[in-house]
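Raw contents of my_file_3.cif, mmCIF, C-alpha atoms and all ligand atoms:
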data_my_file
#
loop_
_atom_site.label_atom_id
_atom_site.label_comp_id
_atom_site.auth_asym_id
_atom_site.auth_seq_id
_atom_site.Cartn_x
_atom_site.Cartn_y
_atom_site.Cartn_z
CA MET A 92 0.00 0.00 0.00
CA ALA A 93 1.27 3.52 -0.80
CA CYS A 94 2.45 5.52 2.20
CA VAL A 95 -0.06 8.23 1.25
CA GLU A 96 -3.67 7.36 0.47
CA ASN A 97 -5.17 10.81 0.21
CA ALA A 98 -4.05 14.40 -0.16
CA LEU A 99 -5.60 17.79 0.36
CA ILE A 100 -4.28 20.26 -2.21
CA VAL A 101 -4.66 23.96 -1.47
CA GLY A 102 -4.90 25.93 -4.73
CA GLY A 103 -6.23 24.85 -8.11
CA GLY A 104 -3.75 26.73 -10.31
CA ILE A 105 -1.07 25.17 -12.49
CA GLY A 106 0.79 23.36 -9.69
CA GLY A 107 -2.28 22.31 -7.70
CA LEU A 108 -4.22 20.82 -10.61
CA ALA A 109 -1.09 19.22 -12.03
CA ALA A 110 -0.43 17.65 -8.61
CA ALA A 111 -4.03 16.40 -8.48
CA ILE A 112 -3.62 14.72 -11.88
CA ALA A 113 -0.20 13.23 -11.11
CA LEU A 114 -1.21 11.95 -7.66
CA GLN A 115 -4.51 10.51 -8.86
CA ASN A 116 -2.49 8.65 -11.50
CA VAL A 117 -0.51 6.87 -8.76
CA GLY A 118 -3.65 6.03 -6.78
CA ILE A 119 -3.84 8.92 -4.31
CA GLN A 120 -7.31 10.38 -3.77
CA CYS A 121 -6.99 14.15 -4.04
CA THR A 122 -9.26 16.96 -2.95
CA VAL A 123 -8.38 20.41 -4.26
CA VAL A 124 -9.71 23.52 -2.50
CA GLU A 125 -9.53 26.61 -4.69
CA ILE A 126 -10.42 30.05 -3.44
CA ASP A 127 -11.48 31.49 -6.77
CA MET A 128 -11.02 29.55 -10.06
CA LYS A 129 -11.93 32.37 -12.38
CA PRO A 130 -9.91 32.25 -15.58
CA VAL A 131 -7.21 34.91 -15.51
CA GLY A 132 -4.14 35.78 -17.53
CA ALA A 133 -3.14 35.89 -21.14
CA GLY A 134 -0.49 33.58 -22.56
CA ILE A 135 2.03 31.22 -21.01
CA GLY A 136 4.88 29.32 -22.64
CA PHE A 137 6.18 25.93 -21.56
CA ALA A 138 9.76 25.22 -22.57
CA GLY A 139 12.70 23.13 -21.35
CA ARG A 140 11.35 19.93 -19.84
CA ALA A 141 7.94 21.41 -18.99
CA PRO A 142 6.40 19.94 -22.18
CA GLN A 143 7.63 16.54 -20.99
CA ALA A 144 5.79 17.14 -17.70
CA LEU A 145 2.68 18.07 -19.70
CA GLN A 146 3.05 14.78 -21.55
CA ALA A 147 3.38 12.90 -18.23
CA LEU A 148 0.13 14.54 -17.11
CA GLY A 149 -1.58 13.53 -20.35
CA VAL A 150 -2.35 17.07 -21.53
CA TYR A 151 0.47 17.86 -23.97
CA GLU A 152 -1.48 17.03 -27.12
CA GLN A 153 -4.42 19.14 -25.98
CA ALA A 154 -2.15 22.04 -25.08
CA CYS A 155 -0.63 21.91 -28.57
CA ALA A 156 -4.04 21.67 -30.23
CA THR A 157 -5.38 24.76 -28.46
CA GLY A 158 -2.07 26.60 -28.31
CA LYS A 159 0.95 26.98 -30.49
CA PRO A 160 3.88 24.56 -30.55
CA PHE A 161 7.08 26.52 -31.15
CA THR A 162 8.88 26.19 -34.44
CA GLU A 163 12.63 25.63 -34.62
CA ALA A 164 13.15 29.38 -35.11
CA MET A 165 11.02 30.23 -32.08
CA LYS A 166 13.08 27.94 -29.85
CA ALA A 167 15.87 30.52 -30.00
CA PRO A 168 13.99 33.84 -29.95
CA VAL A 169 15.59 36.94 -31.37
CA THR A 170 15.59 40.24 -29.51
CA ARG A 171 15.38 43.38 -31.65
CA ASP A 172 16.26 46.93 -30.74
CA ALA A 173 13.87 49.90 -30.84
CA ALA A 174 14.29 50.15 -34.62
CA GLY A 175 13.62 46.44 -35.09
CA VAL A 176 17.21 45.41 -35.84
CA PRO A 177 18.26 42.05 -34.31
CA MET A 178 20.54 42.81 -31.36
CA HIS A 179 22.61 39.66 -31.26
CA ALA A 180 22.72 36.08 -32.41
CA PRO A 181 20.52 34.22 -29.93
CA PRO A 182 22.28 31.76 -27.62
CA LEU A 183 22.05 28.20 -28.77
CA LYS A 184 19.43 26.56 -26.63
CA ALA A 185 20.47 23.47 -24.70
CA SER A 186 19.23 20.31 -26.32
CA PHE A 187 16.69 18.25 -24.44
CA ASP A 188 17.01 14.56 -25.36
CA GLY A 189 13.66 13.03 -26.13
CA SER A 190 12.00 16.35 -25.40
CA PHE A 191 8.76 17.64 -26.82
CA ALA A 192 8.48 20.95 -28.66
CA PRO A 193 7.89 23.97 -26.41
CA VAL A 194 4.32 25.18 -26.55
CA GLY A 195 2.58 28.51 -25.92
CA VAL A 196 -1.00 28.40 -24.61
CA HIS A 197 -3.76 30.79 -23.72
CA ARG A 198 -3.86 30.70 -19.90
CA PRO A 199 -7.63 30.47 -19.32
CA VAL A 200 -7.87 27.66 -21.90
CA PHE A 201 -4.96 25.85 -20.28
CA ALA A 202 -6.58 26.20 -16.83
CA GLU A 203 -9.71 24.57 -18.27
CA ILE A 204 -7.65 21.71 -19.74
CA LEU A 205 -6.01 20.99 -16.38
CA LEU A 206 -9.30 21.25 -14.48
CA SER A 207 -11.10 18.83 -16.81
CA ARG A 208 -8.20 16.39 -16.70
CA ALA A 209 -8.01 16.52 -12.89
CA ARG A 210 -11.71 15.74 -12.63
CA GLU A 211 -11.45 12.94 -15.23
CA CYS A 212 -8.69 11.41 -13.11
CA GLY A 213 -11.04 11.38 -10.11
CA ALA A 214 -9.87 14.44 -8.17
CA ILE A 215 -12.51 16.35 -6.23
CA VAL A 216 -12.21 20.06 -6.91
CA ARG A 217 -14.07 22.34 -4.48
CA GLU A 218 -14.32 25.97 -5.48
CA ARG A 219 -14.59 29.14 -3.36
CA LEU A 220 -12.93 27.34 -0.46
CA SER A 221 -9.68 27.72 1.42
CA ILE A 222 -8.10 26.67 4.69
CA THR A 223 -7.63 28.43 8.02
CA ARG A 224 -5.69 25.91 10.09
CA ILE A 225 -3.53 22.78 9.80
CA GLU A 226 -3.01 20.63 12.91
CA GLU A 227 -0.66 17.67 13.06
CA MET A 228 -2.47 14.63 14.47
CA ALA A 229 -1.10 11.14 15.15
CA LYS A 230 -2.56 9.79 11.92
CA GLY A 231 -2.83 12.69 9.52
CA ALA A 232 -3.21 16.43 9.27
CA LEU A 233 -6.47 17.91 10.49
CA VAL A 234 -7.32 20.81 8.19
CA THR A 235 -9.98 23.40 8.97
CA LEU A 236 -11.64 24.89 5.91
CA THR A 237 -13.01 28.41 5.52
CA ASN A 238 -16.59 27.08 5.67
CA GLY A 239 -15.90 25.61 9.14
CA GLU A 240 -15.62 21.99 7.96
CA THR A 241 -12.66 19.89 9.02
CA SER A 242 -10.94 17.28 6.92
CA THR A 243 -8.15 14.79 7.66
CA ALA A 244 -5.45 14.17 5.06
CA ASP A 245 -2.32 12.01 4.92
CA CYS A 246 -0.59 14.87 3.17
CA VAL A 247 -1.35 18.57 2.57
CA ILE A 248 0.07 20.20 -0.55
CA GLY A 249 0.31 23.98 -0.50
CA ALA A 250 -0.04 25.00 -4.14
CA ASP A 251 -1.70 28.33 -3.47
CA GLY A 252 0.73 30.54 -5.34
CA ILE A 253 2.98 33.42 -4.40
CA GLY A 254 0.67 34.75 -1.66
CA SER A 255 0.27 31.26 -0.16
CA VAL A 256 -1.87 30.98 2.97
CA THR A 257 -0.50 27.46 3.48
CA ARG A 258 3.01 28.92 3.63
CA ALA A 259 1.88 31.58 6.12
CA LEU A 260 0.27 28.90 8.34
CA VAL A 261 3.11 26.38 8.23
CA PHE A 262 6.17 28.61 7.70
CA PRO A 263 5.21 31.85 9.49
CA GLU A 264 8.87 32.91 9.63
CA VAL A 265 9.31 33.07 5.84
CA PRO A 266 9.51 36.71 4.69
CA GLU A 267 7.16 38.20 2.12
CA PRO A 268 8.10 37.89 -1.58
CA GLU A 269 10.48 40.62 -2.76
CA TYR A 270 9.69 43.11 -5.53
CA ALA A 271 12.23 42.58 -8.32
CA GLY A 272 12.07 46.18 -9.60
CA GLN A 273 9.95 45.57 -12.70
CA MET A 274 6.24 45.49 -13.51
CA SER A 275 4.76 43.00 -15.94
CA LEU A 276 1.97 44.23 -18.21
CA ARG A 277 0.13 41.83 -20.51
CA TRP A 278 -2.19 42.89 -23.31
CA LEU A 279 -4.27 40.74 -25.63
CA ALA A 280 -4.10 42.80 -28.80
CA PRO A 281 -6.52 42.27 -31.68
CA TYR A 282 -5.67 40.13 -34.69
CA PRO A 283 -4.49 39.88 -37.55
CA PRO A 284 -1.01 38.58 -36.63
CA ILE A 285 2.01 40.86 -36.69
CA GLU A 286 5.48 39.77 -37.78
CA PRO A 287 8.29 39.50 -36.90
CA ALA A 288 6.93 38.07 -33.67
CA ASP A 289 9.99 38.61 -31.47
CA TRP A 290 11.09 40.43 -28.34
CA TYR A 291 11.87 44.15 -28.71
CA ASP A 292 14.09 46.10 -26.33
CA ALA A 293 13.67 49.87 -25.85
CA GLY A 294 17.16 50.10 -24.31
CA ASN A 295 15.98 51.65 -21.05
CA GLY A 296 14.69 48.60 -19.19
CA GLY A 297 11.45 48.46 -21.21
CA ARG A 298 10.77 45.34 -23.29
CA ILE A 299 7.85 44.08 -25.30
CA ALA A 300 7.09 40.90 -27.25
CA ILE A 301 4.66 39.78 -29.91
CA HIS A 302 3.15 36.28 -29.64
CA ASN A 303 0.48 35.62 -32.26
CA GLN A 304 -2.15 33.19 -30.92
CA PRO A 305 -3.78 31.70 -34.06
CA VAL A 306 -6.37 29.55 -32.26
CA GLN A 307 -7.65 32.43 -30.11
CA GLU A 308 -7.05 34.89 -32.97
CA ASN A 309 -5.38 37.47 -30.79
CA ILE A 310 -1.85 38.63 -30.02
CA TYR A 311 -0.38 38.05 -26.57
CA VAL A 312 1.78 41.08 -25.84
CA PRO A 313 3.88 40.76 -22.65
CA MET A 314 5.69 43.92 -21.55
CA VAL A 315 8.31 44.50 -18.88
CA ILE A 316 8.75 47.97 -17.39
CA THR A 317 11.39 49.04 -14.90
CA MET A 318 9.58 51.20 -12.35
CA PRO A 319 8.78 51.43 -8.64
CA GLU A 320 6.07 49.07 -7.47
CA ARG A 321 2.63 50.61 -7.39
CA ARG A 322 -0.98 49.67 -8.00
CA LEU A 323 -1.89 50.46 -11.62
CA SER A 324 -5.36 51.51 -12.75
CA GLN A 325 -6.59 50.63 -16.23
CA GLN A 326 -5.80 54.20 -17.27
CA ASP A 327 -2.24 53.84 -15.89
CA CYS A 328 -1.82 50.58 -17.83
CA PHE A 329 -2.97 52.24 -21.04
CA GLU A 330 -0.64 55.21 -20.59
CA ILE A 331 2.38 53.06 -19.67
CA THR A 332 1.75 50.80 -22.67
CA ARG A 333 1.31 53.77 -24.99
CA ASP A 334 4.50 55.42 -23.72
CA LEU A 335 6.44 52.18 -24.14
CA LEU A 336 5.16 51.60 -27.68
CA ASP A 337 6.00 55.18 -28.61
CA GLN A 338 9.68 54.51 -27.92
CA PHE A 339 9.93 52.10 -30.86
CA THR A 340 10.28 52.82 -34.55
CA ALA A 341 10.26 49.11 -35.45
CA PRO A 342 7.43 48.65 -37.98
CA ALA A 343 5.92 45.72 -36.05
CA ILE A 344 5.61 47.76 -32.85
CA ALA A 345 4.32 50.79 -34.78
CA GLU A 346 1.61 48.48 -36.14
CA LEU A 347 0.81 47.33 -32.61
CA ARG A 348 0.59 50.97 -31.48
CA GLU A 349 -2.12 51.57 -34.10
CA ARG A 350 -4.25 48.91 -32.40
CA LEU A 351 -3.94 50.27 -28.85
CA THR A 352 -7.11 51.92 -27.61
CA PRO A 353 -7.86 53.40 -24.16
CA ASP A 354 -10.24 50.52 -23.40
CA ALA A 355 -7.59 47.85 -24.12
CA GLU A 356 -7.63 45.18 -21.42
CA ILE A 357 -4.18 45.12 -19.90
CA ILE A 358 -3.26 43.02 -16.88
CA ALA A 359 -0.54 44.39 -14.59
CA ARG A 360 1.41 42.46 -12.01
CA PRO A 361 4.61 43.27 -10.13
CA PHE A 362 7.44 40.81 -10.67
CA LYS A 363 8.13 39.37 -7.22
CA TRP A 364 10.29 36.49 -6.21
CA LEU A 365 10.74 34.20 -3.26
CA LEU A 366 12.80 31.09 -2.65
CA VAL A 367 11.79 29.36 0.57
CA ASP A 368 14.88 27.74 2.12
CA ALA A 369 14.93 23.96 1.86
CA PRO A 370 13.10 21.95 2.99
CA TRP A 371 9.68 23.09 1.80
CA HIS A 372 7.91 20.63 4.09
CA ARG A 373 7.00 20.64 7.72
CA GLY A 374 4.94 17.90 9.37
CA ARG A 375 2.64 16.53 6.68
CA THR A 376 2.58 19.68 4.56
CA MET A 377 4.68 20.27 1.43
CA LEU A 378 4.79 23.51 -0.56
CA ILE A 379 5.06 23.34 -4.34
CA GLY A 380 5.04 25.84 -7.21
CA ASP A 381 5.08 29.57 -6.52
CA ALA A 382 4.16 28.94 -2.87
CA ALA A 383 7.71 27.58 -2.43
CA HIS A 384 9.61 29.28 -5.25
CA ALA A 385 8.16 32.25 -7.08
CA THR A 386 10.30 33.84 -9.76
CA THR A 387 10.27 36.65 -12.27
CA ALA A 388 9.29 35.47 -15.75
CA HIS A 389 12.69 36.11 -17.39
CA MET A 390 13.33 32.43 -18.05
CA GLY A 391 9.62 31.73 -18.60
CA MET A 392 9.97 28.72 -16.32
CA GLY A 393 7.87 29.35 -13.17
CA GLY A 394 4.86 27.42 -14.41
CA GLY A 395 7.12 24.73 -15.83
CA MET A 396 8.72 24.28 -12.42
CA ALA A 397 5.25 23.93 -10.84
CA LEU A 398 4.40 21.20 -13.39
CA GLU A 399 7.68 19.41 -12.73
CA ASP A 400 7.12 19.64 -8.94
CA ALA A 401 3.77 17.89 -9.37
CA VAL A 402 5.13 15.06 -11.50
CA VAL A 403 8.17 14.53 -9.25
CA LEU A 404 6.05 14.52 -6.08
CA ALA A 405 3.87 11.76 -7.52
CA ASP A 406 7.00 9.76 -8.51
CA CYS A 407 8.38 10.10 -4.97
CA ILE A 408 5.09 9.01 -3.38
CA ALA A 409 4.95 5.99 -5.67
CA GLU A 410 8.53 4.99 -4.80
CA ALA A 411 8.99 5.72 -1.09
CA SER A 412 7.73 3.79 1.92
CA ASN A 413 7.04 6.68 4.28
CA LEU A 414 6.18 10.36 4.06
CA GLN A 415 9.54 11.57 5.37
CA ALA A 416 11.30 9.60 2.62
CA VAL A 417 8.89 11.06 0.02
CA PHE A 418 9.62 14.60 1.11
CA ASP A 419 13.39 14.04 1.42
CA ARG A 420 13.61 12.55 -2.06
CA PHE A 421 11.42 15.34 -3.46
CA MET A 422 13.73 18.00 -2.06
CA GLN A 423 16.81 16.20 -3.43
CA ARG A 424 15.30 16.26 -6.89
CA ARG A 425 13.85 19.78 -6.82
CA TRP A 426 16.06 22.13 -4.79
CA GLN A 427 19.02 22.85 -7.07
CA ARG A 428 16.93 22.92 -10.24
CA VAL A 429 14.43 25.42 -8.91
CA LYS A 430 17.15 27.53 -7.25
CA THR A 431 18.84 27.84 -10.66
CA VAL A 432 15.61 29.12 -12.23
CA VAL A 433 14.92 31.70 -9.51
CA GLU A 434 18.50 32.98 -9.35
CA THR A 435 18.97 33.12 -13.13
CA SER A 436 15.65 34.90 -13.65
CA VAL A 437 16.39 37.52 -11.00
CA ALA A 438 19.91 38.03 -12.42
CA ILE A 439 18.47 38.66 -15.91
CA SER A 440 15.94 41.08 -14.42
CA LYS A 441 18.84 43.00 -12.83
CA LEU A 442 20.68 43.21 -16.18
CA GLU A 443 17.56 44.68 -17.79
CA GLN A 444 17.21 47.22 -15.00
CA ALA A 445 20.85 48.22 -15.48
CA CYS A 446 20.02 48.71 -19.20
CA VAL A 447 22.68 46.19 -20.26
CA PRO A 448 21.89 45.58 -23.94
CA ASP A 449 20.66 42.13 -24.80
CA GLY A 450 23.87 40.34 -25.76
CA PRO A 451 26.56 37.99 -24.51
CA GLU A 452 25.99 38.60 -20.79
CA ARG A 453 22.28 37.79 -20.90
CA GLY A 454 22.91 35.00 -23.40
CA ALA A 455 25.49 33.40 -21.09
CA LEU A 456 23.13 33.52 -18.10
CA MET A 457 20.25 32.11 -20.09
CA GLY A 458 22.43 29.48 -21.78
CA LYS A 459 23.84 28.29 -18.45
CA GLY A 460 20.37 28.16 -16.87
CA MET A 461 18.87 26.25 -19.79
CA ALA A 462 21.83 23.84 -19.84
CA ALA A 463 21.19 23.04 -16.16
CA LEU A 464 17.52 22.45 -16.92
CA SER A 465 18.31 20.07 -19.76
CA ALA A 466 19.07 17.39 -17.14
CA PRO A 467 16.06 15.21 -16.37
CA TYR A 468 13.85 16.54 -13.56
C1 LIG A 501 3.84 37.97 -16.29
C2 LIG A 501 4.16 36.55 -16.02
C3 LIG A 501 4.48 35.73 -17.08
C4 LIG A 501 4.79 34.40 -16.87
N1 LIG A 501 5.10 33.62 -17.93
C5 LIG A 501 5.43 32.34 -17.74
C6 LIG A 501 5.74 31.49 -18.84
O1 LIG A 501 5.72 31.90 -20.00
N2 LIG A 501 6.05 30.20 -18.58
C7 LIG A 501 6.06 29.69 -17.31
O2 LIG A 501 6.33 28.49 -17.14
N3 LIG A 501 5.75 30.47 -16.24
C8 LIG A 501 5.44 31.77 -16.42
N4 LIG A 501 5.11 32.55 -15.35
C9 LIG A 501 5.11 31.98 -13.98
C10 LIG A 501 3.83 31.19 -13.71
O3 LIG A 501 2.70 31.98 -13.96
C11 LIG A 501 3.79 30.72 -12.26
O4 LIG A 501 5.03 30.21 -11.88
C12 LIG A 501 2.73 29.64 -12.08
O5 LIG A 501 1.46 30.18 -12.32
C13 LIG A 501 2.81 29.04 -10.70
O6 LIG A 501 1.81 28.08 -10.55
P1 LIG A 501 1.18 27.82 -9.11
O7 LIG A 501 0.15 26.79 -9.28
O8 LIG A 501 2.27 27.59 -8.13
O9 LIG A 501 0.53 29.20 -8.70
P2 LIG A 501 -0.73 29.90 -9.38
O10 LIG A 501 -0.79 29.60 -10.82
O11 LIG A 501 -0.67 31.32 -8.92
O12 LIG A 501 -1.98 29.19 -8.72
C14 LIG A 501 -2.31 29.35 -7.37
C15 LIG A 501 -3.78 29.02 -7.20
O13 LIG A 501 -4.10 29.02 -5.82
C16 LIG A 501 -5.30 29.75 -5.62
N5 LIG A 501 -5.25 30.26 -4.26
C17 LIG A 501 -4.59 31.36 -3.82
N6 LIG A 501 -4.77 31.49 -2.51
C18 LIG A 501 -5.56 30.47 -2.11
C19 LIG A 501 -6.08 30.08 -0.88
N7 LIG A 501 -5.85 30.77 0.24
N8 LIG A 501 -6.86 28.97 -0.83
C20 LIG A 501 -7.14 28.25 -1.95
N9 LIG A 501 -6.66 28.59 -3.15
C21 LIG A 501 -5.87 29.68 -3.23
C22 LIG A 501 -5.29 30.82 -6.68
O14 LIG A 501 -6.60 31.32 -6.94
C23 LIG A 501 -4.70 30.05 -7.87
O15 LIG A 501 -5.69 29.39 -8.60
C24 LIG A 501 4.80 33.89 -15.53
C25 LIG A 501 4.48 34.71 -14.46
C26 LIG A 501 4.16 36.03 -14.70
C27 LIG A 501 3.82 36.91 -13.55
#

Would you write out, as structure tokens, the structure that this file holds?
Amino acid sequence: MACVENALIVGGGIGGLAAAIALQNVGIQCTVVEIDMKPVGAGIGFAGRAPQALQALGVYEQACATGKPFTEAMKAPVTRDAAGVPMHAPPLKASFDGSFAPVGVHRPVFAEILLSRARECGAIVRERLSITRIEEMAKGALVTLTNGETSTADCVIGADGIGSVTRALVFPEVPEPEYAGQMSLRWLAPYPPIEPADWYDAGNGGRIAIHNQPVQENIYVPMVITMPERRLSQQDCFEITRDLLDQFTAPAIAELRERLTPDAEIIARPFKWLLVDAPWHRGRTMLIGDAAHATTAHMGMGGGMALEDAVVLADCIAEASNLQAVFDRFMQRRWQRVKTVVETSVAISKLEQACVPDGPERGALMGKGMAALSAPY
């Protein structure tokens, strides 16, 4: 018999639903409590070994069908300057033996894919619910839910993202995530597609990319702005986007500028990061995903790491004879890999803020990080 028979997963985002799928697949009955579950976000890319984790979860084909598998050229994206001229030869990406093509997906669609798959696998997903307390009992964790119910679980998985309540309950000493110095703005611009669909660098810490989403018939436009952290209204988002676009003479960005209207829906979020010191478990609770290791998006690997966490945790549960051994093995497999992603991403963010032109320094950081990630998870 497995050393874990059931798990309570807090958070039904990428990591939580992936964990529900992976654990159900090794015979663990999972209940997910999700505080919200409304579809948010724009696009997300899965590269490195994340597509392999999607395959392990049984959702890779669906992700490709609703998203956009990357072509050979897109695997090594070009950055262009404000005039649209390529700034440097992109670093050769590390090769991933037996890997699947990276894929870009529309976030709300991807959330739906994971949710359906988790339910198909037998997970119980309870919405508009969270937790208020976790008590260690002789034979399990006694968890109190926000509706006053209590539930006993062999294992609690905190997958409730960067602002994790599970982390606050179990690791009260961990400091708040740190602002990295940049805001992320994401706009879904209207179709038709714009080419060349690359990253563009304004040279002052402002960057913008074009990702055409043919299935959704829109353009995912992520932007990175170096600025103090503050709450941005819709009007602020419009003005910041307009001012950024106005810095470019590249024809593709000029075309994008034509499509920007004051009512454009733009999502803003500060880039924050946090790396909880190992181990990420205490008692019967384990943190995964952003709850344990939130990063800036400069490697585009945060979601991929959450997927890998889920698959590895299920492997460890299937292999080990007791919970301590599961958690120890999990940390052995996850710590260095995730640390590399967080540290590399924050280092690239710092280069951007110092206005270091996209070139050998960034390429070396990215190349080294990707090479480390080419090892199996
Ligand atoms: C601008 C931007 C771009 C990014 N681009 C990429 C990319 O291209 N590729 C990539 O791999 N990663 C990317 N990331 C990172 C990625 O989004 C995160 O690493 C990933 O979402 C983490 O998954 P998670 O499940 O740990 O957390 P989340 O996806 O944040 O999910 C947490 C879930 O928990 C729920 N929750 C929160 N609090 C509670 C509570 N108290 N009780 C119950 N439920 C709760 C939330 O509603 C949410 O559903 C990007 C991040 C940003 C900010």

_Given only C-alpha atoms and all ligand atoms as the counted atoms, nearest of A:Phe339, A:Tyr282, A:Tyr311, A:Phe137 to ligand LIG 501 (chain A)_ =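 Ranking A:Phe339, A:Tyr282, A:Tyr311, A:Phe137 by distance to ligand LIG 501 (chain A), first place goes to A:Phe137.
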
*Grab the CA of Thr241 (chain A) to atom O10 of ligand LIG 501 (chain A) distance for me, in Å with one decimal place.*
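Between these atoms lies a distance of 25.1 Å.
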
*Kindly extract all protein, DNA and RNA residues lying within 12 Å of the coordinates (-16.5, 22.4, 5.8) given in the file, considering all atoms listed in the file, and supply them as an NGL selection string.*
:A and (124 or 217 or 219-223 or 233-243)

*Between CA of Val437 (chain A) and CA of Leu366 (chain A), measure the distance and give it in Å to one decimal.*
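CA of Val437 (chain A) sits 11.1 Å away from CA of Leu366 (chain A).
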
*Nearest residue to ligand LIG 501 (chain A) from the set A:Gln153, A:Thr352, A:Ser436, A:Thr257 (distances using only C-alpha atoms and all ligand atoms)*: A:Thr257

*Nearest to Gln326 (chain A) by atom-to-atom distance, counting all atoms listed in the file, from A:Glu356, A:Met390, A:Ala409, A:Leu206*: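 Distance minimum relative to Gln326 (chain A) lands on A:Glu356.
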
*Kindly compile the residues surrounding ligand LIG 501 (chain A) within 7 Å, counting all atoms listed in the file, and format them as a ChimeraX atom specification.*
/A:101-107,124-128,134-137,220-222,250-256,275-277,313,360,362,379-382,385-388,391-397

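The smallest atom-to-atom distance between Ala341 (chain A) and any of A:Ile408, A:Ala192, A:Ala174, A:Leu456, using only C-alpha atoms, is found for A:Ala174.
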
*Neighbours of Ala133 (chain A) within 12 Å (all atoms listed in the file; same-chain residues fewer than 3 positions away dropped), as a ChimeraX atom specification?*
/A:130,136,158,195-202,275-280,302-304,307,309-314,356-359

*asked:* Which polymer residues, whether protein, DNA or RNA, lie within 6 Å of the coordinate (9.7, 37.9, -4.3) when you count all atoms listed in the file? List them as a PyMOL selection string, using the chain letters and numbers from the file.
replied: chain A and resi 268-270+363-365

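The neighbours of Ala405 (chain A) here are the residues that come within 9 Å of it, using all atoms listed in the file and leaving out any residue fewer than 4 positions away in the same chain; they are Ala110, Ala113, Leu114, Gln115, Asn116, Val117, Ile119, Asp400, Ala401, Ala409 and Glu410 of chain A.
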